Every structure is written in C-alpha cells, then in structure tokens.
$ cat work_31.csv   # CSV, C-alpha atoms
chain,number,residue,atom,x,y,z
D,13,MET,CA,26.7,9.5,-8.7
D,14,GLN,CA,23.5,7.8,-7.6
D,15,ALA,CA,20.2,9.5,-8.0
D,16,ASN,CA,17.9,9.8,-5.0
D,17,TYR,CA,14.4,8.6,-5.7
D,18,LEU,CA,12.0,10.2,-3.2
D,19,SER,CA,8.3,9.5,-3.0
D,20,GLN,CA,6.5,12.4,-4.8
D,21,ASN,CA,2.9,13.4,-4.6
D,22,TYR,CA,1.1,14.6,-7.7
D,23,ILE,CA,-1.7,17.2,-7.6
D,24,GLN,CA,-4.3,17.4,-10.3
D,25,GLN,CA,-6.8,20.1,-10.8
D,26,THR,CA,-10.5,19.1,-10.8
D,27,SER,CA,-13.2,20.7,-12.8
D,28,LEU,CA,-14.3,22.7,-9.8
D,29,SER,CA,-10.8,23.9,-8.9
D,30,LYS,CA,-10.3,25.0,-12.6
D,31,PHE,CA,-13.7,26.9,-12.5
D,32,LEU,CA,-12.8,28.6,-9.2
D,33,ALA,CA,-9.4,29.6,-10.6
D,34,THR,CA,-11.1,31.3,-13.6
D,35,LEU,CA,-13.1,33.3,-11.0
D,36,LYS,CA,-9.7,34.4,-9.6
D,37,LEU,CA,-10.4,32.4,-6.4
D,38,LYS,CA,-7.0,30.7,-6.4
D,39,ASN,CA,-6.8,29.8,-2.7
D,40,LEU,CA,-10.3,28.4,-2.7
D,41,SER,CA,-9.5,26.6,-6.0
D,42,LYS,CA,-6.5,24.8,-4.4
D,43,LYS,CA,-8.8,23.2,-1.7
D,44,PHE,CA,-10.5,21.2,-4.5
D,45,TYR,CA,-7.4,19.7,-6.1
D,46,PHE,CA,-7.2,16.0,-6.2
D,47,LYS,CA,-3.9,14.7,-4.7
D,48,PHE,CA,-2.3,11.5,-5.7
D,49,THR,CA,-0.4,10.2,-2.7
D,50,ASP,CA,1.4,7.1,-1.4
D,51,HIS,CA,-1.1,4.3,-0.7
D,52,ILE,CA,-3.8,5.6,-3.0
D,53,HIS,CA,-6.3,3.1,-4.3
D,54,ALA,CA,-5.9,2.1,-8.0
D,55,ILE,CA,-9.6,2.7,-8.6
D,56,ASP,CA,-9.2,6.3,-7.4
D,57,ILE,CA,-6.3,6.8,-9.9
D,58,LYS,CA,-8.3,5.1,-12.6
D,59,LYS,CA,-11.2,7.5,-12.1
D,60,LYS,CA,-9.0,10.6,-12.2
D,61,ILE,CA,-6.8,10.0,-15.1
D,62,ASP,CA,-7.4,9.6,-18.8
D,63,LYS,CA,-8.8,6.1,-19.7
D,64,LYS,CA,-6.1,5.5,-22.3
D,65,ILE,CA,-3.3,6.4,-19.9
D,66,TYR,CA,-4.7,4.0,-17.3
D,67,GLN,CA,-5.0,1.2,-19.9
D,68,ASN,CA,-1.6,1.7,-21.4
D,69,TYR,CA,0.5,2.2,-18.3
D,70,PHE,CA,1.9,-0.7,-16.4
D,71,LYS,CA,0.4,-0.8,-13.0
D,72,PHE,CA,1.9,-2.8,-10.1
D,73,CYS,CA,1.9,-3.1,-6.3
D,74,VAL,CA,3.7,-4.9,-3.6
D,75,GLU,CA,1.9,-7.3,-1.3
D,76,ARG,CA,3.2,-9.1,1.8
D,77,GLU,CA,2.7,-12.6,3.2
D,78,PRO,CA,-0.4,-12.3,5.5
D,79,ILE,CA,1.2,-13.6,8.7
D,80,ASP,CA,4.3,-11.5,8.4
D,81,LYS,CA,2.2,-8.4,7.4
D,82,SER,CA,-0.1,-9.0,10.4
D,83,ILE,CA,2.8,-9.3,12.8
D,84,SER,CA,4.4,-6.1,11.5
D,85,PHE,CA,1.0,-4.3,11.7
D,86,TYR,CA,0.5,-5.6,15.3
D,87,PHE,CA,3.8,-4.2,16.4
D,88,MET,CA,3.3,-0.9,14.6
D,89,ARG,CA,0.0,-0.4,16.2
D,90,LYS,CA,1.2,-1.6,19.6
D,91,ASN,CA,4.5,0.3,19.8
D,92,SER,CA,3.6,3.5,17.9
D,93,PRO,CA,4.1,6.7,20.1
D,94,ASN,CA,0.4,7.5,19.2
D,95,SER,CA,-0.9,4.2,20.7
D,96,ASN,CA,-3.1,4.4,23.7
D,97,TYR,CA,-2.5,2.4,26.9
D,98,LYS,CA,-4.9,-0.4,25.9
D,99,ARG,CA,-3.3,-0.8,22.5
D,100,LYS,CA,0.3,-0.7,24.0
D,101,ASN,CA,-0.7,-3.6,26.3
D,102,MET,CA,-2.5,-5.7,23.7
D,103,SER,CA,-1.2,-9.3,23.4
D,104,TRP,CA,-0.8,-11.0,20.1
D,105,THR,CA,-3.7,-13.3,20.9
D,106,GLU,CA,-6.0,-10.4,21.6
D,107,PHE,CA,-4.9,-8.7,18.4
D,108,VAL,CA,-5.6,-11.9,16.3
D,109,ASN,CA,-9.0,-12.4,18.0
D,110,LYS,CA,-10.0,-8.8,17.1
D,111,LYS,CA,-9.5,-9.7,13.4
D,112,ARG,CA,-8.5,-6.2,12.4
D,113,PHE,CA,-5.8,-7.2,9.9
D,114,PRO,CA,-4.2,-5.0,7.3
D,115,VAL,CA,-6.0,-6.5,4.3
D,116,ASP,CA,-5.3,-4.2,1.4
D,117,THR,CA,-6.9,-6.0,-1.5
D,118,ASN,CA,-9.1,-3.0,-2.1
D,119,PHE,CA,-6.0,-1.0,-3.1
D,120,TYR,CA,-5.6,-3.0,-6.3
D,121,THR,CA,-9.0,-4.5,-7.0
D,122,HIS,CA,-12.4,-3.1,-7.9
D,123,LYS,CA,-15.5,-5.2,-7.4
D,124,ASN,CA,-13.3,-8.2,-6.6
D,125,ARG,CA,-11.4,-7.9,-9.9
D,126,LEU,CA,-7.7,-7.1,-10.2
D,127,ILE,CA,-7.3,-3.7,-11.9
D,128,ILE,CA,-3.5,-3.7,-12.0
D,129,ASP,CA,-1.1,-5.7,-14.1
D,130,LYS,CA,1.2,-7.2,-11.5
D,131,ILE,CA,1.5,-8.0,-7.8
D,132,ILE,CA,5.1,-8.3,-6.5
D,133,ARG,CA,5.5,-10.4,-3.5
D,134,TYR,CA,7.3,-8.4,-0.8
D,135,GLU,CA,9.8,-11.2,-0.2
D,136,ASN,CA,10.7,-11.0,-3.9
D,137,LEU,CA,11.0,-7.3,-4.1
D,138,GLU,CA,14.8,-7.2,-4.5
D,139,THR,CA,14.6,-9.4,-7.7
D,140,GLU,CA,11.2,-8.5,-9.2
D,141,LEU,CA,11.2,-4.7,-8.9
D,142,PRO,CA,14.5,-4.2,-10.8
D,143,LEU,CA,13.3,-6.5,-13.5
D,144,ILE,CA,10.0,-4.6,-13.9
D,145,LEU,CA,11.8,-1.2,-13.9
D,146,HIS,CA,14.3,-2.5,-16.4
D,147,ASN,CA,11.4,-3.5,-18.7
D,148,LEU,CA,10.0,0.0,-18.2
D,149,GLY,CA,13.3,1.6,-19.3
D,150,ILE,CA,14.8,2.3,-15.9
D,151,LYS,CA,18.2,0.7,-16.0
D,152,ASP,CA,20.6,-0.2,-13.2
D,153,PHE,CA,18.0,0.3,-10.4
D,154,LYS,CA,19.2,-1.2,-7.1
D,155,ILE,CA,17.3,-1.4,-3.8
D,156,GLU,CA,19.2,-0.1,-0.9
D,157,LYS,CA,18.3,-2.2,2.1
D,158,SER,CA,16.6,-0.1,4.8
D,159,VAL,CA,14.8,-1.8,7.6
D,160,ASN,CA,12.2,0.2,9.5
D,161,ASN,CA,11.8,-2.0,12.5
D,162,ARG,CA,11.8,0.6,15.3
D,163,PHE,CA,8.3,-0.6,16.4
D,164,ARG,CA,8.9,-4.3,15.8
D,165,GLY,CA,9.6,-6.6,18.8
D,166,ILE,CA,10.3,-10.3,18.9
D,167,ASP,CA,7.9,-12.1,16.6
D,168,PRO,CA,5.2,-13.9,18.6
D,169,ILE,CA,4.6,-17.6,18.3
D,170,VAL,CA,1.8,-18.0,15.8
D,171,THR,CA,-0.4,-21.0,16.5
D,172,GLU,CA,-2.0,-23.1,13.8
D,173,ASN,CA,-5.4,-21.7,14.8
D,174,GLN,CA,-4.1,-18.1,14.5
D,175,LYS,CA,-2.7,-18.9,11.1
D,176,LYS,CA,-6.1,-20.2,10.0
D,177,ILE,CA,-7.8,-17.0,11.3
D,178,ILE,CA,-5.3,-14.7,9.6
D,179,TYR,CA,-5.4,-16.6,6.3
D,180,ASN,CA,-9.2,-16.7,6.4
D,181,GLU,CA,-9.3,-12.9,6.8
D,182,PHE,CA,-6.9,-12.5,3.9
D,183,ARG,CA,-9.1,-14.6,1.6
D,184,SER,CA,-9.5,-11.7,-0.8
D,185,THR,CA,-5.8,-11.3,-1.1
D,186,LEU,CA,-5.2,-15.0,-1.5
D,187,LYS,CA,-7.4,-15.1,-4.6
D,188,PHE,CA,-4.5,-13.3,-6.3
D,189,LEU,CA,-1.5,-14.7,-4.5
D,190,ASP,CA,-0.7,-18.2,-3.6
D,191,TYR,CA,0.7,-18.2,0.0
$ encode --input "work_31.csv" --output "structure tokens"
Amino acid sequence: MQANYLSQNYIQQTSLSKFLATLKLKNLSKKFYFKFTDHIHAIDIKKKIDKKIYQNYFKFCVEREPIDKSISFYFMRKNSPNSNYKRKNMSWTEFVNKKRFPVDTNFYTHKNRLIIDKIIRYENLETELPLILHNLGIKDFKIEKSVNNRFRGIDPIVTENQKKIIYNEFRSTLKFLDY
C-alpha cells in the first residue's frame, strides 16, 4: 500500500494570537496566526521558527532552467481562465520584452546570500529528490509522474537575443546554478 503525500500547511500561533486567546478572544486570536504555506520564502520561515531548528534542519528547494521556466510561466499567464483579453493575446515576443519573468531567487536567499542547503535542478528532480529524502530517513520514495500542462501550448521559438534577455533577468538565480 502506497502512502499519499499531500501538501500540508502548518499554522503557528504568534505572540499576539496567544495573548488574545488568554483573553478568551479565540476567533480574533486565529486572525493573527502565522501560516506556513507552499511557496513561502525561506527568510519568513527562518524568522518564525526556533533558530536552532532552522540551523539544524536540511533545507532545499527546486529551481528550473530559466528559459523553460519562463515559457511555462508565459503559457500559464496567457492561458489561465483568469487572464484578461490582453494577456490571452500576448505574443511570446511581447512577453519577453516586458521582462516580467518568474525569478524566484528571493525564496531561498536573503541579502543575496543562499539561506538553504541545496537547490535541486527541476530536470534532476527524479534522481536528486529521492536521494535527499533517503538521506533524511524517508526510504523508498518514488515520484509519480504527473504533468500539469493544461495551460501549455507549443513551445515558442526562442531567439538568441531572447535567451540573453531571459538569462540576464535571471542573473540572481544563475549565481547559484550553472545553466
């Protein structure tokens, strides 16, 4: 029997929420909880948990090659049901020229310094993640392939100039990953 691993959020009481709870203001207290969610910045976690825990836990993230990540982001923004008319009709060239790329370096750095232990390349996820988890005591972990490409279309042709623009915008990421 295989266990299902679902993303879980974790809620932590803050000093204010604890104080309000002592005053029997439970509903108001809950509004001041800190919620750890998917895609939370490492610095926010570091600020909210015990310093020793942060130092001793193994922290990692997954990063994607900048052009592939940008193409995926382009299609997600373009083809999402929530996109407006202008966004739905945006060409790849227009998208690149706007320079609004999904640069996520701030999720795992603080003041331009890496504050996690490991960055896994997305393209190596199938091999690297099970190794890391094995080292952390999670045995026999296997990734089930699941492709979420409901928004993705046919990849655009990426010109050399567009590659330069994208890689230039991802400079902060490229300091930590050699693509």
$ residues_around --input "work_31.csv" --residues "Pro114 (chain D)" --least-positions-apart "2" --cutoff "7 Å" --atoms "only C-alpha atoms" --output "ChimeraX atom specification"
/D:82,85,112,116
$ write_last_selection --input "work_31.csv" --atoms "C-alpha atoms" --output "short mmCIF file (atom, residue, chain, number, x, y, z; two decimals), keeping the file's coordinate frame"
data_model
loop_
_atom_site.label_atom_id
_atom_site.label_comp_id
_atom_site.auth_asym_id
_atom_site.auth_seq_id
_atom_site.Cartn_x
_atom_site.Cartn_y
_atom_site.Cartn_z
CA SER D 82 -0.10 -9.00 10.40
CA PHE D 85 1.00 -4.30 11.70
CA ARG D 112 -8.50 -6.20 12.40
CA ASP D 116 -5.30 -4.20 1.40
#
$ atom_distance --input "work_31.csv" --atom1 "CA of Arg99 (chain D)" --atom2 "CA of Glu172 (chain D)"
24.0 Å
$ residues_around --input "work_31.csv" --residues "region 143-149 of chain D" --least-positions-apart "2" --cutoff "12 Å" --atoms "only C-alpha atoms" --output "list of chain:residue names"
D:Tyr69, D:Phe70, D:Lys71, D:Phe72, D:Cys73, D:Asp129, D:Lys130, D:Ile131, D:Ile132, D:Asn136, D:Leu137, D:Glu138, D:Thr139, D:Glu140, D:Leu141, D:Lys151, D:Asp152, D:Phe153, D:Lys154, D:Ile155
$ atom_distance --input "work_31.csv" --atom1 "CA of Lys157 (chain D)" --atom2 "CA of Met88 (chain D)"
19.6 Å
$ closest_residue --input "work_31.csv" --among "D:His53, D:Lys47, D:Glu77, D:Phe163" --to "Arg89 (chain D)" --atoms "all atoms listed in the file"
D:Phe163
$ atom_distance --input "work_31.csv" --atom1 "CA of Ile127 (chain D)" --atom2 "CA of Asn68 (chain D)"
12.3 Å
$ closest_residue --input "work_31.csv" --among "D:Lys59, D:Lys111, D:Val74, D:Ile150" --to "Lys176 (chain D)" --atoms "all atoms listed in the file"
D:Lys111
$ closest_residue --input "work_31.csv" --among "D:Ser92, D:Asn109, D:Arg183, D:Ser84" --to "Asn124 (chain D)" --atoms "all atoms listed in the file"
D:Arg183
